[in-house]
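So this one's structure27.cif, mmCIF, C-alpha atoms:
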data_entry
loop_
_atom_site.label_atom_id
_atom_site.label_comp_id
_atom_site.auth_asym_id
_atom_site.auth_seq_id
_atom_site.Cartn_x
_atom_site.Cartn_y
_atom_site.Cartn_z
CA LEU A 1 -2.16 -4.38 10.27
CA GLY A 2 -2.98 -1.51 12.63
CA PHE A 3 -6.30 -3.07 13.49
CA SER A 4 -4.71 -6.44 14.32
CA LEU A 5 -2.41 -4.72 16.84
CA PHE A 6 -5.45 -2.86 18.21
CA GLU A 7 -7.16 -6.25 18.64
CA LEU A 8 -4.16 -7.81 20.36
CA ILE A 9 -4.16 -5.04 23.00
CA GLY A 10 -7.94 -5.36 23.31
CA GLY A 11 -7.68 -9.12 23.82
CA PHE A 12 -5.24 -8.69 26.70
CA LEU A 13 -7.33 -5.91 28.29
CA THR A 14 -10.59 -7.90 28.10
CA ASN A 15 -9.08 -11.37 28.73
CA SER A 16 -10.94 -12.52 25.61
CA ILE A 17 -9.24 -15.37 23.77
CA SER A 18 -11.65 -14.96 20.85
CA ILE A 19 -10.37 -11.39 20.32
CA MET A 20 -6.73 -12.41 20.82
CA SER A 21 -7.11 -15.34 18.45
CA ASP A 22 -8.72 -13.08 15.86
CA SER A 23 -5.83 -10.62 16.23
CA ILE A 24 -3.39 -13.42 15.35
CA HIS A 25 -5.62 -14.37 12.44
CA ASP A 26 -5.76 -10.75 11.26
CA LEU A 27 -2.00 -10.35 11.65
CA GLY A 28 -1.57 -13.34 9.34
CA ASP A 29 -4.14 -11.83 7.00
CA SER A 30 -2.28 -8.50 6.94
CA ILE A 31 0.98 -10.17 5.98
CA SER A 32 -0.66 -12.42 3.39
CA ILE A 33 -2.72 -9.57 1.90
CA GLY A 34 0.47 -7.51 1.56
CA ILE A 35 2.18 -10.42 -0.20
CA SER A 36 -0.94 -11.05 -2.32
CA TYR A 37 -1.06 -7.40 -3.38
CA ILE A 38 2.57 -7.48 -4.53
CA LEU A 39 2.07 -10.80 -6.38
CA GLU A 40 -1.20 -9.57 -7.96
CA LYS A 41 0.67 -6.56 -9.36
CA LYS A 42 3.45 -8.86 -10.55
CA SER A 43 0.90 -11.14 -12.27
CA SER A 44 -0.19 -8.36 -14.64
CA GLN A 45 3.24 -8.13 -16.28
CA LYS A 46 3.51 -9.10 -19.95
CA PRO A 47 5.23 -12.35 -21.06
CA ASP A 48 8.98 -12.14 -21.61
CA ASN A 49 11.92 -14.44 -22.35
CA LYS A 50 11.96 -15.72 -18.76
CA TYR A 51 8.21 -16.25 -18.29
CA THR A 52 6.90 -16.95 -21.79
CA TYR A 53 3.35 -17.58 -20.53
CA GLY A 54 3.38 -14.37 -18.53
CA TYR A 55 3.28 -13.80 -14.78
CA ALA A 56 -0.36 -14.72 -14.08
CA ARG A 57 0.54 -17.66 -11.85
CA PHE A 58 2.15 -15.28 -9.36
CA SER A 59 -1.44 -14.43 -8.40
CA VAL A 60 -2.12 -18.11 -7.68
CA LEU A 61 1.03 -18.20 -5.54
CA GLY A 62 -0.48 -15.35 -3.49
CA SER A 63 -3.58 -17.49 -2.96
CA VAL A 64 -1.43 -20.43 -1.76
CA ILE A 65 0.37 -18.24 0.78
CA THR A 66 -2.86 -16.64 2.02
CA THR A 67 -4.66 -19.98 2.39
CA SER A 68 -1.65 -21.59 4.12
CA ILE A 69 -1.48 -18.78 6.68
CA LEU A 70 -5.21 -19.19 7.35
CA ILE A 71 -4.83 -22.92 7.98
CA VAL A 72 -1.83 -22.55 10.31
CA SER A 73 -3.37 -19.66 12.30
CA SER A 74 -6.71 -21.48 12.66
CA ILE A 75 -5.03 -24.61 14.02
CA PHE A 76 -3.07 -22.46 16.49
CA VAL A 77 -6.28 -20.74 17.65
CA ILE A 78 -8.08 -24.07 18.18
CA TYR A 79 -5.13 -25.43 20.19
CA THR A 80 -4.97 -22.29 22.39
CA ALA A 81 -8.74 -22.21 22.88
CA PHE A 82 -8.89 -25.85 24.04
CA LYS A 83 -6.28 -25.09 26.69
CA ARG A 84 -8.34 -22.09 27.89
CA LEU A 85 -11.57 -24.14 27.87
CA PHE A 86 -10.44 -26.09 30.94
CA ASN A 87 -8.90 -23.04 32.63
CA PRO A 88 -11.49 -20.25 32.18
CA VAL A 89 -10.70 -16.67 33.19
CA GLU A 90 -12.87 -13.64 33.93
CA ILE A 91 -13.97 -11.85 30.74
CA ASN A 92 -14.46 -8.08 30.47
CA TYR A 93 -17.63 -8.38 28.39
CA ASN A 94 -18.22 -4.61 28.14
CA GLY A 95 -14.80 -4.08 26.58
CA MET A 96 -15.40 -7.14 24.42
CA LEU A 97 -18.63 -5.55 23.13
CA ILE A 98 -16.84 -2.35 22.12
CA PHE A 99 -14.05 -4.19 20.29
CA ALA A 100 -16.58 -6.44 18.55
CA ILE A 101 -18.55 -3.44 17.21
CA VAL A 102 -15.34 -1.81 15.92
CA GLY A 103 -14.31 -5.16 14.42
CA VAL A 104 -17.55 -5.57 12.49
CA VAL A 105 -17.33 -2.01 11.08
CA VAL A 106 -13.63 -2.21 10.07
CA ASN A 107 -13.97 -5.61 8.39
CA PHE A 108 -17.21 -4.61 6.65
CA ILE A 109 -15.39 -1.66 5.03
CA ALA A 110 -12.52 -4.00 4.04
CA ALA A 111 -14.97 -6.51 2.53
CA LEU A 112 -16.61 -3.76 0.44
CA TYR A 113 -13.17 -2.72 -0.80
CA THR A 114 -12.15 -6.27 -1.85
CA LYS A 115 -15.43 -7.54 -3.34
CA SER A 116 -14.59 -6.54 -6.94
CA GLY A 117 -11.68 -9.02 -7.32
CA HIS A 118 -11.87 -11.82 -9.91
CA SER A 119 -8.67 -13.86 -9.57
CA LEU A 120 -8.29 -16.76 -7.12
CA ASN A 121 -5.91 -14.58 -5.15
CA GLU A 122 -8.39 -11.69 -4.91
CA LYS A 123 -11.26 -14.06 -4.08
CA SER A 124 -9.18 -15.59 -1.26
CA VAL A 125 -8.56 -12.15 0.21
CA HIS A 126 -12.27 -11.23 -0.03
CA LEU A 127 -13.23 -14.54 1.59
CA HIS A 128 -10.99 -13.63 4.52
CA MET A 129 -12.80 -10.31 4.92
CA ILE A 130 -16.22 -12.02 4.91
CA GLU A 131 -15.01 -14.57 7.46
CA ASP A 132 -13.69 -11.77 9.66
CA ILE A 133 -17.08 -10.02 9.62
CA LEU A 134 -18.80 -13.27 10.64
CA GLY A 135 -16.15 -13.86 13.30
CA TRP A 136 -16.74 -10.44 14.86
CA ILE A 137 -20.52 -10.87 14.73
CA VAL A 138 -20.03 -14.12 16.66
CA VAL A 139 -17.79 -12.30 19.20
CA LEU A 140 -20.45 -9.59 19.54
CA ILE A 141 -23.19 -12.14 20.20
CA GLY A 142 -20.90 -13.97 22.61
CA ALA A 143 -20.16 -10.80 24.59
CA ILE A 144 -23.90 -10.15 24.98
CA ILE A 145 -24.54 -13.73 26.14
CA ILE A 146 -21.63 -13.62 28.62
CA ARG A 147 -22.92 -10.32 30.02
CA PHE A 148 -26.24 -11.92 30.94
CA THR A 149 -25.14 -15.49 31.80
CA LYS A 150 -21.61 -14.87 33.23
CA ILE A 151 -20.48 -18.11 31.53
CA ASN A 152 -16.92 -17.20 30.47
CA GLN A 153 -16.36 -20.46 28.56
CA ILE A 154 -18.69 -19.12 25.85
CA ASP A 155 -15.84 -16.88 24.65
CA THR A 156 -13.57 -19.91 24.20
CA ILE A 157 -16.24 -22.00 22.50
CA LEU A 158 -16.98 -19.17 20.07
CA SER A 159 -13.30 -18.81 19.16
CA ILE A 160 -13.17 -22.56 18.36
CA VAL A 161 -16.33 -22.32 16.22
CA VAL A 162 -14.94 -19.38 14.21
CA ALA A 163 -11.53 -21.08 13.77
CA VAL A 164 -13.15 -24.33 12.57
CA TYR A 165 -15.31 -22.37 10.12
CA ILE A 166 -12.26 -20.55 8.70
CA LEU A 167 -10.28 -23.80 8.54
CA THR A 168 -13.11 -25.55 6.66
CA ASN A 169 -13.33 -22.80 4.03
CA ALA A 170 -9.56 -22.68 3.64
CA PHE A 171 -9.48 -26.42 2.89
CA LYS A 172 -12.33 -25.94 0.38
CA ASN A 173 -10.19 -23.48 -1.60
CA LEU A 174 -7.07 -25.64 -1.50
CA PRO A 175 -8.08 -28.27 -4.16
CA GLU A 176 -8.76 -25.60 -6.79
CA ILE A 177 -5.38 -23.99 -6.12
CA LEU A 178 -3.56 -27.35 -6.21
CA ASP A 179 -5.31 -28.28 -9.49
CA LEU A 180 -3.76 -25.20 -11.09
CA PHE A 181 -0.26 -26.05 -9.88
CA LEU A 182 -0.66 -29.69 -10.91
CA GLU A 183 -1.86 -28.50 -14.35
CA LYS A 184 -5.10 -30.47 -14.24
CA VAL A 185 -7.46 -30.06 -17.20
CA PRO A 186 -10.02 -27.35 -16.26
CA ASN A 187 -13.31 -28.88 -15.07
CA ASN A 188 -15.42 -27.25 -17.80
CA ILE A 189 -13.35 -28.69 -20.65
CA ASP A 190 -13.93 -32.06 -22.37
CA ILE A 191 -10.82 -33.16 -24.30
CA GLU A 192 -12.71 -35.81 -26.29
CA LYS A 193 -15.21 -33.23 -27.58
CA ILE A 194 -12.37 -30.89 -28.58
CA LYS A 195 -10.63 -33.74 -30.40
CA GLU A 196 -13.88 -34.64 -32.18
CA LYS A 197 -14.34 -31.06 -33.44
CA LEU A 198 -10.73 -30.78 -34.55
CA LEU A 199 -10.99 -34.00 -36.56
CA ASN A 200 -13.92 -32.49 -38.47
CA ILE A 201 -11.59 -29.81 -39.87
CA LYS A 202 -10.69 -30.48 -43.49
CA ASN A 203 -7.36 -32.24 -44.10
CA ILE A 204 -6.75 -33.16 -40.43
CA SER A 205 -6.41 -36.93 -40.19
CA ASP A 206 -5.45 -37.36 -36.53
CA ILE A 207 -4.73 -35.52 -33.29
CA HIS A 208 -2.10 -36.56 -30.74
CA HIS A 209 -0.74 -35.27 -27.44
CA ILE A 210 -3.49 -32.83 -26.46
CA HIS A 211 -2.46 -30.90 -23.35
CA ILE A 212 -4.89 -28.41 -21.81
CA TRP A 213 -4.29 -26.55 -18.59
CA SER A 214 -5.19 -23.31 -16.84
CA HIS A 215 -2.55 -20.77 -15.97
CA ASP A 216 -4.45 -18.85 -13.30
CA GLY A 217 -8.03 -20.17 -13.21
CA TYR A 218 -9.16 -17.88 -16.06
CA ASN A 219 -6.68 -18.14 -18.94
CA ASN A 220 -6.54 -21.62 -20.46
CA TYR A 221 -3.87 -22.95 -22.80
CA ALA A 222 -3.64 -25.93 -25.14
CA THR A 223 -0.95 -27.64 -27.17
CA LEU A 224 -1.41 -30.55 -29.56
CA HIS A 225 0.12 -32.46 -32.45
CA ALA A 226 -2.04 -32.53 -35.60
CA ILE A 227 -1.48 -34.97 -38.51
CA ILE A 228 -2.57 -33.35 -41.78
CA LYS A 229 -3.34 -35.07 -45.11
CA LYS A 230 -1.56 -32.60 -47.38
CA ASP A 231 1.79 -30.86 -47.17
CA ASP A 232 0.07 -27.46 -47.20
#

Mind turning the file's structure into structure tokens?
Amino acid sequence: LGFSLFELIGGFLTNSISIMSDSIHDLGDSISIGISYILEKKSSQKPDNKYTYGYARFSVLGSVITTSILIVSSIFVIYTAFKRLFNPVEINYNGMLIFAIVGVVVNFIAALYTKSGHSLNEKSVHLHMIEDILGWIVVLIGAIIIRFTKINQIDTILSIVVAVYILTNAFKNLPEILDLFLEKVPNNIDIEKIKEKLLNIKNISDIHHIHIWSHDGYNNYATLHAIIKKDD
């Protein structure tokens, strides 16, 4: 959160829309990571009478919020950048270089810290950190190019490229998240094969109403109705 405010000031001082747009992106990240952290903690709670399957899906909710913020902020950045593209301003490329170097270092440390996560929520957060590193590397390269070519539109073009990249990855994550909420059968599970194996069990004559779904992308659940041949 502190770094995003640092970026915002830096963007105004250097006239760099790529830095300002990244500050908005990081501000959204800070809020979503905070929410994700709270929901991740919540997701580890044991099942109770209110949530009989446990709280694991709170983690998925964190992923939805994080991904949604990414999509909205990326669209806003693209819109702002296109407006600047036709009205270029002078860029302080030396200041831009300094902020880009700090940005790469800060986000690299954050990416190292978040790489051990396994849930969809944690993976979404780590993906953001990786994208931020790439974004700052692009800003760094852009600052160097502007310094030697004096073409200020490069800053705007780079901000659009980074925003499109982030938007693309956010949309890639969305189907997996939606599948969980829509209770789709996990991709690695074949219901017909499960039914076939169950019917091989002694005294089971038929299987009806098989329902298989994933709670959080890792824990899968199944319910079914089995017809047995004997009362016992």

List as a PyMOL selection string the protein and nucleic acid residues near stretch 205-221 of chain A, meaning an atom at most 12 Å away when only C-alpha atoms are counted, but skip any in the same chain fewer than 5 places from it. chain A and resi 40+43-44+51-63+118-123+176-200+226-230

Quick one: distance from atom CA of A:Ile130 to atom CA of A:Gly95 in Å, one decimal?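 Distance between the two atoms: 23.1 Å.
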
Once the PyMOL selection byres ((chain A and resi 26-28) around 10) has been applied to the shown file, what residues remain in the selection, as a list of chain:residue names?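 For this structure, the PyMOL selection byres ((chain A and resi 26-28) around 10) resolves to A:Leu1, A:Gly2, A:Phe3, A:Ser4, A:Leu5, A:Glu7, A:Leu8, A:Met20, A:Ser21, A:Asp22, A:Ser23, A:Ile24, A:His25, A:Asp29, A:Ser30, A:Ile31, A:Ser32, A:Ile33, A:Gly34, A:Thr66, A:Ser68, A:Ile69, A:Leu70, A:Val72, A:Ser73, A:His128, A:Met129, A:Asp132.
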
Can you build me a table of stretch 8-77 of chain A residues sitting at most 6 Å from stretch 159-169 of chain A, with the closest atom pair per residue and its distance in Å to one decimal, using all atoms listed in the file, sorted by chain and residue number, as a Markdown table?
| residue | atom | partner | partner_atom | distance |
| --- | --- | --- | --- | --- |
| A:Ser18 | CA | A:Ser159 | CA | 4.5 |
| A:Ile71 | CA | A:Leu167 | CA | 5.5 |
| A:Ser74 | CA | A:Ala163 | CA | 5.0 |

For the atom pair atom CA of A:Ala100 and atom CA of A:Trp136, what is the interatomic distance in Å to one decimal place? 5.4 Å

Expressed in Å to a single decimal, how great is the separation between atom CA of A:Leu13 and atom CA of A:Thr156? 15.9 Å

Taking the file as shown, find all residues satisfying the PyMOL selection byres ((chain A and resi 150) around 12) and write them as a PDB file with C-alpha atoms, in the coordinates of the input.
ATOM      1  CA  PRO A  88     -11.490 -20.250  32.180  1.00  0.00           C
ATOM      2  CA  VAL A  89     -10.700 -16.670  33.190  1.00  0.00           C
ATOM      3  CA  GLU A  90     -12.870 -13.640  33.930  1.00  0.00           C
ATOM      4  CA  ILE A  91     -13.970 -11.850  30.740  1.00  0.00           C
ATOM      5  CA  ASN A  92     -14.460  -8.080  30.470  1.00  0.00           C
ATOM      6  CA  TYR A  93     -17.630  -8.380  28.390  1.00  0.00           C
ATOM      7  CA  ASN A  94     -18.220  -4.610  28.140  1.00  0.00           C
ATOM      8  CA  GLY A 142     -20.900 -13.970  22.610  1.00  0.00           C
ATOM      9  CA  ALA A 143     -20.160 -10.800  24.590  1.00  0.00           C
ATOM     10  CA  ILE A 144     -23.900 -10.150  24.980  1.00  0.00           C
ATOM     11  CA  ILE A 145     -24.540 -13.730  26.140  1.00  0.00           C
ATOM     12  CA  ILE A 146     -21.630 -13.620  28.620  1.00  0.00           C
ATOM     13  CA  ARG A 147     -22.920 -10.320  30.020  1.00  0.00           C
ATOM     14  CA  PHE A 148     -26.240 -11.920  30.940  1.00  0.00           C
ATOM     15  CA  THR A 149     -25.140 -15.490  31.800  1.00  0.00           C
ATOM     16  CA  ILE A 151     -20.480 -18.110  31.530  1.00  0.00           C
ATOM     17  CA  ASN A 152     -16.920 -17.200  30.470  1.00  0.00           C
ATOM     18  CA  GLN A 153     -16.360 -20.460  28.560  1.00  0.00           C
ATOM     19  CA  ILE A 154     -18.690 -19.120  25.850  1.00  0.00           C
ATOM     20  CA  ASP A 155     -15.840 -16.880  24.650  1.00  0.00           C
TER      21      ASP A 155
END

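Candidate residues A:Thr14, A:Thr223, A:Ser36, A:Asn173 were compared for distance to A:Leu97, and the nearest is A:Thr14, using all atoms listed in the file.
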
For A:Leu158, which of A:Ile19, A:Ile109, A:Val102, A:Val139 is the closest residue, counting all atoms listed in the file?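 Distance minimum relative to A:Leu158 lands on A:Val139.
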
Residues within 10 Å of A:Ala111, please, as a ChimeraX atom specification. Count only C-alpha atoms; anything in the same chain fewer than 3 positions from it doesn't count. /A:105-108,114-116,125-133

Hits of the PyMOL selection byres ((chain A and resi 80-82) around 7) in this structure, as a compact mmCIF listing (two decimals) with C-alpha atoms, in the frame of the given file:
# COMPACT_ATOMS: atom_id res chain seq x y z
CA ILE A 17 -9.24 -15.37 23.77
CA PHE A 76 -3.07 -22.46 16.49
CA VAL A 77 -6.28 -20.74 17.65
CA ILE A 78 -8.08 -24.07 18.18
CA TYR A 79 -5.13 -25.43 20.19
CA LYS A 83 -6.28 -25.09 26.69
CA ARG A 84 -8.34 -22.09 27.89
CA LEU A 85 -11.57 -24.14 27.87
CA THR A 156 -13.57 -19.91 24.20
CA SER A 159 -13.30 -18.81 19.16
CA ILE A 160 -13.17 -22.56 18.36
